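Input: a single structure, listed below in structure tokens.
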Amino acid sequence: MNGITFRDKSLALKKIAEFKKNTFFDLYNQLTSEQQRFFRMMYSHKNPELSIEEIYDKIPLEKIDWAIYQCENTVIKNNKQQ
């Protein structure tokens, strides 16, 4: 045994989830208003008027990394254009 308990793994997963959420919101907040609107339409096309917090909570876990990647690439592209 490596000494890592189920509780330790659970805490680690919670920290990872919190890091991803913070990273997402940091990147999302760097997008232009138009880019934010487009993002909300992609991830909540039936209800884009929801807050981004509500939309984030509805994104399936397997798509969170992709959402972060999309925001990150858009921020990089925006920074290159400045």
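How things are named: the first chain in the structure tokens is A, the next is B, and so on; residues count from 1 in each chain; ligands count from 1 in the order shown.
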Tell me which protein, DNA and RNA residues are within 9 Å of A:Lys21, counting only C-alpha atoms, leaving out same-chain ones fewer than 5 positions away, and put them as a PDB file with C-alpha atoms, in the first residue's frame.
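What follows is the written file out.pdb:
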```
ATOM      1  CA  ILE A  16      -8.449  19.542  -8.838  1.00  0.00           C
ATOM      2  CA  ASP A  26     -10.246  33.409 -14.830  1.00  0.00           C
ATOM      3  CA  TYR A  56     -20.527  25.895 -15.779  1.00  0.00           C
ATOM      4  CA  ILE A  64     -14.802  20.828 -18.642  1.00  0.00           C
ATOM      5  CA  ILE A  68     -11.051  25.491 -20.455  1.00  0.00           C
TER       6      ILE A  68
END
```
(message) Give me, as a PyMOL selection string, the residues of chain A that a backbone DSSP run labels alpha helix (DSSP H).
(response) chain A and resi 6-28+33-43+52-58+61-81
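Residues in contact with A:Ser44 at 12 Å, where only C-alpha atoms are counted and same-chain residues fewer than 3 positions away are skipped, are listed as Gln36, Arg37, Phe38, Phe39, Arg40, Met41, Asn47, Pro48, Glu49, Leu50, Ser51, Ile52, Glu53, Glu54, Ile55, Tyr56, Asp57, Lys58, Ile59 and Pro60 of chain A.
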Residue selection dump (N, CA and C atoms) as a compact mmCIF listing (two decimals), in the first residue's frame:
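Result written to out.txt:
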```txt
# COMPACT_ATOMS: atom_id res chain seq x y z
N GLN A 36 -17.95 35.80 -24.84
CA GLN A 36 -18.68 35.22 -23.72
C GLN A 36 -20.09 34.80 -24.14
N ARG A 37 -20.75 35.66 -24.91
CA ARG A 37 -22.10 35.33 -25.40
C ARG A 37 -22.05 34.07 -26.26
N PHE A 38 -21.07 33.99 -27.14
CA PHE A 38 -20.91 32.82 -28.01
C PHE A 38 -20.67 31.56 -27.17
N PHE A 39 -19.83 31.66 -26.16
CA PHE A 39 -19.56 30.53 -25.29
C PHE A 39 -20.85 30.06 -24.60
N ARG A 40 -21.62 31.02 -24.07
CA ARG A 40 -22.88 30.66 -23.41
C ARG A 40 -23.83 29.96 -24.39
N MET A 41 -23.85 30.42 -25.63
CA MET A 41 -24.70 29.79 -26.64
C MET A 41 -24.25 28.36 -26.93
N ASN A 47 -30.81 27.71 -23.17
CA ASN A 47 -31.05 28.65 -22.09
C ASN A 47 -29.83 29.55 -21.88
N PRO A 48 -29.41 30.32 -22.90
CA PRO A 48 -28.18 31.10 -22.81
C PRO A 48 -28.24 32.27 -21.83
N GLU A 49 -29.43 32.60 -21.35
CA GLU A 49 -29.54 33.71 -20.40
C GLU A 49 -29.15 33.31 -18.97
N LEU A 50 -28.88 32.01 -18.76
CA LEU A 50 -28.39 31.58 -17.45
C LEU A 50 -27.06 32.25 -17.15
N SER A 51 -26.76 32.40 -15.88
CA SER A 51 -25.46 32.95 -15.52
C SER A 51 -24.38 31.95 -15.91
N ILE A 52 -23.18 32.44 -16.08
CA ILE A 52 -22.09 31.55 -16.46
C ILE A 52 -21.81 30.54 -15.35
N GLU A 53 -22.07 30.90 -14.12
CA GLU A 53 -21.91 29.96 -13.01
C GLU A 53 -22.88 28.78 -13.15
N GLU A 54 -24.12 29.09 -13.50
CA GLU A 54 -25.11 28.03 -13.71
C GLU A 54 -24.74 27.18 -14.92
N ILE A 55 -24.28 27.82 -15.97
CA ILE A 55 -23.88 27.08 -17.16
C ILE A 55 -22.70 26.17 -16.85
N TYR A 56 -21.71 26.71 -16.14
CA TYR A 56 -20.53 25.89 -15.78
C TYR A 56 -20.96 24.65 -15.00
N ASP A 57 -21.85 24.83 -14.05
CA ASP A 57 -22.30 23.69 -13.23
C ASP A 57 -23.03 22.64 -14.05
N LYS A 58 -23.56 23.02 -15.21
CA LYS A 58 -24.28 22.07 -16.06
C LYS A 58 -23.39 21.42 -17.12
N ILE A 59 -22.16 21.91 -17.28
CA ILE A 59 -21.25 21.32 -18.26
C ILE A 59 -20.84 19.94 -17.75
N PRO A 60 -21.01 18.90 -18.57
CA PRO A 60 -20.59 17.56 -18.13
C PRO A 60 -19.10 17.55 -17.80
```
Neighbours of A:Asp65 within 9 Å (only C-alpha atoms; same-chain residues fewer than 4 positions away dropped), as a PDB file with C-alpha atoms, in the first residue's frame?
```pdb
ATOM      1  CA  LYS A  20     -10.314  23.781 -12.920  1.00  0.00           C
ATOM      2  CA  PHE A  24     -12.118  28.440 -16.234  1.00  0.00           C
ATOM      3  CA  LEU A  61     -17.347  16.747 -16.317  1.00  0.00           C
ATOM      4  CA  TYR A  69      -9.005  24.750 -23.582  1.00  0.00           C
ATOM      5  CA  GLN A  70     -11.402  26.782 -25.750  1.00  0.00           C
TER       6      GLN A  70
END
```
